[in-house]
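I have placed the structure first, in the form of structure tokens, so that the comments after it can refer back to it.
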Amino acid sequence: MAKTLLNQKERWYADSSKEAEEIVAEAKQDDSLTMHKIHEKHNSKGFYFLVDLERTYSTAKEEMEKRPEKDDAPDGQMSIDEVHEGVPYTVNHDGSVTVENNDEELPEFEDPFADVEAKQDTPTENVPF
């Protein structure tokens, strides 16, 4: 997963109007600057300036267009066109799957419980719960 900075907001402090203008002039040299504001504020200590800068580097759409095309399959899942390196199988037209047994040395699966008869249930009349 790629991580890319799309936009950035900054707030600077300046003691004088001249310093605030210098911050803006320096920021204008960058092509990614999209907005700047200078706010004059005051408190009991005196006047000061806040400079807001906003930079936009790209949009999510632009970043997605930069990436190479890939499958729409979610992470961890294979697409239909990928080659499966495990057991070969065939998907039939009705949606069923046939697994080919290429290893002739392995016997077919035998159910060890095929000959076992089901045990009759015992009555539960005297069970306290």
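Identifiers in this document derive from the order of the structure tokens: chains are assigned A, B, ..., residues are numbered from 1 separately in each chain, and ligands are numbered from 1 in order of occurrence.
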
Which of segment 2-102 of chain A end up as strand (DSSP E) when DSSP is run on this backbone - answer as a ChimeraX atom specification? /A:7-14,33-43,46-56,89-91,97-99

Can those selected residues be exported to a file as a short mmCIF file (atom, residue, chain, number, x, y, z; two decimals), in the first residue's frame so that it contains N, CA, C and O atoms?
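Result saved to result.cif:
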```
data_model
loop_
_atom_site.label_atom_id
_atom_site.label_comp_id
_atom_site.auth_asym_id
_atom_site.auth_seq_id
_atom_site.Cartn_x
_atom_site.Cartn_y
_atom_site.Cartn_z
N ASN A 7 -2.08 16.84 0.78
CA ASN A 7 -2.11 18.27 1.09
C ASN A 7 -1.58 18.48 2.49
O ASN A 7 -1.48 17.54 3.28
N GLN A 8 -1.23 19.73 2.78
CA GLN A 8 -0.61 20.06 4.06
C GLN A 8 -1.04 21.47 4.46
O GLN A 8 -1.04 22.37 3.64
N LYS A 9 -1.41 21.61 5.74
CA LYS A 9 -1.76 22.92 6.27
C LYS A 9 -0.72 23.30 7.32
O LYS A 9 -0.34 22.48 8.15
N GLU A 10 -0.28 24.55 7.27
CA GLU A 10 0.73 25.04 8.21
C GLU A 10 0.23 26.34 8.83
O GLU A 10 -0.47 27.11 8.19
N ARG A 11 0.64 26.57 10.07
CA ARG A 11 0.34 27.83 10.74
C ARG A 11 1.65 28.33 11.35
O ARG A 11 2.29 27.62 12.12
N TRP A 12 2.02 29.56 10.99
CA TRP A 12 3.27 30.17 11.46
C TRP A 12 2.95 31.36 12.36
O TRP A 12 1.93 32.03 12.18
N TYR A 13 3.86 31.65 13.27
CA TYR A 13 3.77 32.81 14.16
C TYR A 13 4.81 33.83 13.72
O TYR A 13 5.94 33.49 13.40
N ALA A 14 4.43 35.10 13.72
CA ALA A 14 5.37 36.18 13.41
C ALA A 14 5.11 37.35 14.35
O ALA A 14 3.97 37.65 14.70
N LEU A 33 1.81 25.71 -3.31
CA LEU A 33 1.06 26.62 -2.45
C LEU A 33 -0.27 26.97 -3.11
O LEU A 33 -0.31 27.48 -4.22
N THR A 34 -1.37 26.69 -2.41
CA THR A 34 -2.70 26.98 -2.98
C THR A 34 -3.43 28.08 -2.22
O THR A 34 -4.37 28.67 -2.75
N MET A 35 -3.03 28.37 -0.96
CA MET A 35 -3.74 29.39 -0.19
C MET A 35 -2.80 29.93 0.89
O MET A 35 -2.00 29.21 1.45
N HIS A 36 -2.90 31.26 1.13
CA HIS A 36 -2.18 31.86 2.25
C HIS A 36 -3.02 32.99 2.84
O HIS A 36 -3.75 33.67 2.13
N LYS A 37 -2.96 33.11 4.18
CA LYS A 37 -3.69 34.16 4.88
C LYS A 37 -2.83 34.67 6.02
O LYS A 37 -2.10 33.90 6.65
N ILE A 38 -2.92 35.97 6.26
CA ILE A 38 -2.23 36.58 7.40
C ILE A 38 -3.29 37.17 8.32
O ILE A 38 -4.11 37.98 7.90
N HIS A 39 -3.30 36.71 9.57
CA HIS A 39 -4.26 37.19 10.56
C HIS A 39 -3.53 38.03 11.60
O HIS A 39 -2.54 37.59 12.17
N GLU A 40 -4.01 39.25 11.81
CA GLU A 40 -3.43 40.10 12.85
C GLU A 40 -4.21 39.86 14.14
O GLU A 40 -5.43 39.97 14.17
N LYS A 41 -3.50 39.51 15.21
CA LYS A 41 -4.13 39.19 16.49
C LYS A 41 -3.50 40.06 17.58
O LYS A 41 -2.43 40.64 17.39
N HIS A 42 -4.16 40.12 18.70
CA HIS A 42 -3.58 40.82 19.85
C HIS A 42 -4.05 40.16 21.14
O HIS A 42 -5.10 39.52 21.19
N ASN A 43 -3.24 40.33 22.16
CA ASN A 43 -3.59 39.88 23.50
C ASN A 43 -2.96 40.87 24.49
O ASN A 43 -2.52 41.95 24.10
N GLY A 46 0.53 42.14 23.51
CA GLY A 46 0.72 42.98 22.33
C GLY A 46 0.15 42.35 21.07
O GLY A 46 -0.64 41.41 21.13
N PHE A 47 0.59 42.87 19.92
CA PHE A 47 0.12 42.38 18.63
C PHE A 47 1.05 41.30 18.11
O PHE A 47 2.26 41.33 18.34
N TYR A 48 0.46 40.34 17.37
CA TYR A 48 1.24 39.30 16.69
C TYR A 48 0.48 38.89 15.44
O TYR A 48 -0.66 39.29 15.22
N PHE A 49 1.12 38.10 14.59
CA PHE A 49 0.54 37.71 13.32
C PHE A 49 0.58 36.19 13.18
O PHE A 49 1.59 35.56 13.51
N LEU A 50 -0.52 35.62 12.69
CA LEU A 50 -0.59 34.20 12.36
C LEU A 50 -0.67 34.07 10.85
O LEU A 50 -1.48 34.74 10.20
N VAL A 51 0.17 33.23 10.29
CA VAL A 51 0.19 33.02 8.85
C VAL A 51 -0.27 31.58 8.58
O VAL A 51 0.33 30.63 9.06
N ASP A 52 -1.37 31.45 7.83
CA ASP A 52 -1.88 30.14 7.44
C ASP A 52 -1.45 29.86 6.01
O ASP A 52 -1.68 30.68 5.11
N LEU A 53 -0.87 28.70 5.79
CA LEU A 53 -0.46 28.27 4.45
C LEU A 53 -1.10 26.92 4.17
O LEU A 53 -1.19 26.07 5.06
N GLU A 54 -1.53 26.74 2.94
CA GLU A 54 -2.06 25.43 2.53
C GLU A 54 -1.38 25.03 1.23
O GLU A 54 -1.34 25.79 0.28
N ARG A 55 -0.86 23.83 1.23
CA ARG A 55 -0.18 23.30 0.04
C ARG A 55 -0.93 22.06 -0.43
O ARG A 55 -1.31 21.23 0.37
N THR A 56 -1.13 21.94 -1.74
CA THR A 56 -1.76 20.77 -2.33
C THR A 56 -0.78 20.19 -3.33
O THR A 56 -0.38 20.85 -4.28
N TYR A 89 -7.15 -27.98 -11.37
CA TYR A 89 -8.59 -28.16 -11.31
C TYR A 89 -9.22 -27.55 -12.54
O TYR A 89 -8.61 -26.76 -13.25
N THR A 90 -10.47 -27.94 -12.78
CA THR A 90 -11.21 -27.42 -13.92
C THR A 90 -12.56 -26.95 -13.43
O THR A 90 -13.23 -27.65 -12.67
N VAL A 91 -12.97 -25.77 -13.85
CA VAL A 91 -14.29 -25.24 -13.51
C VAL A 91 -15.22 -25.56 -14.67
O VAL A 91 -14.99 -25.15 -15.80
N VAL A 97 -16.65 -27.85 -9.74
CA VAL A 97 -15.20 -27.91 -9.93
C VAL A 97 -14.77 -29.38 -9.95
O VAL A 97 -15.18 -30.17 -9.11
N THR A 98 -13.93 -29.74 -10.91
CA THR A 98 -13.39 -31.09 -11.00
C THR A 98 -11.89 -31.00 -10.72
O THR A 98 -11.17 -30.22 -11.33
N VAL A 99 -11.44 -31.82 -9.74
CA VAL A 99 -10.03 -31.86 -9.39
C VAL A 99 -9.41 -33.06 -10.08
O VAL A 99 -9.90 -34.18 -9.96
#
```
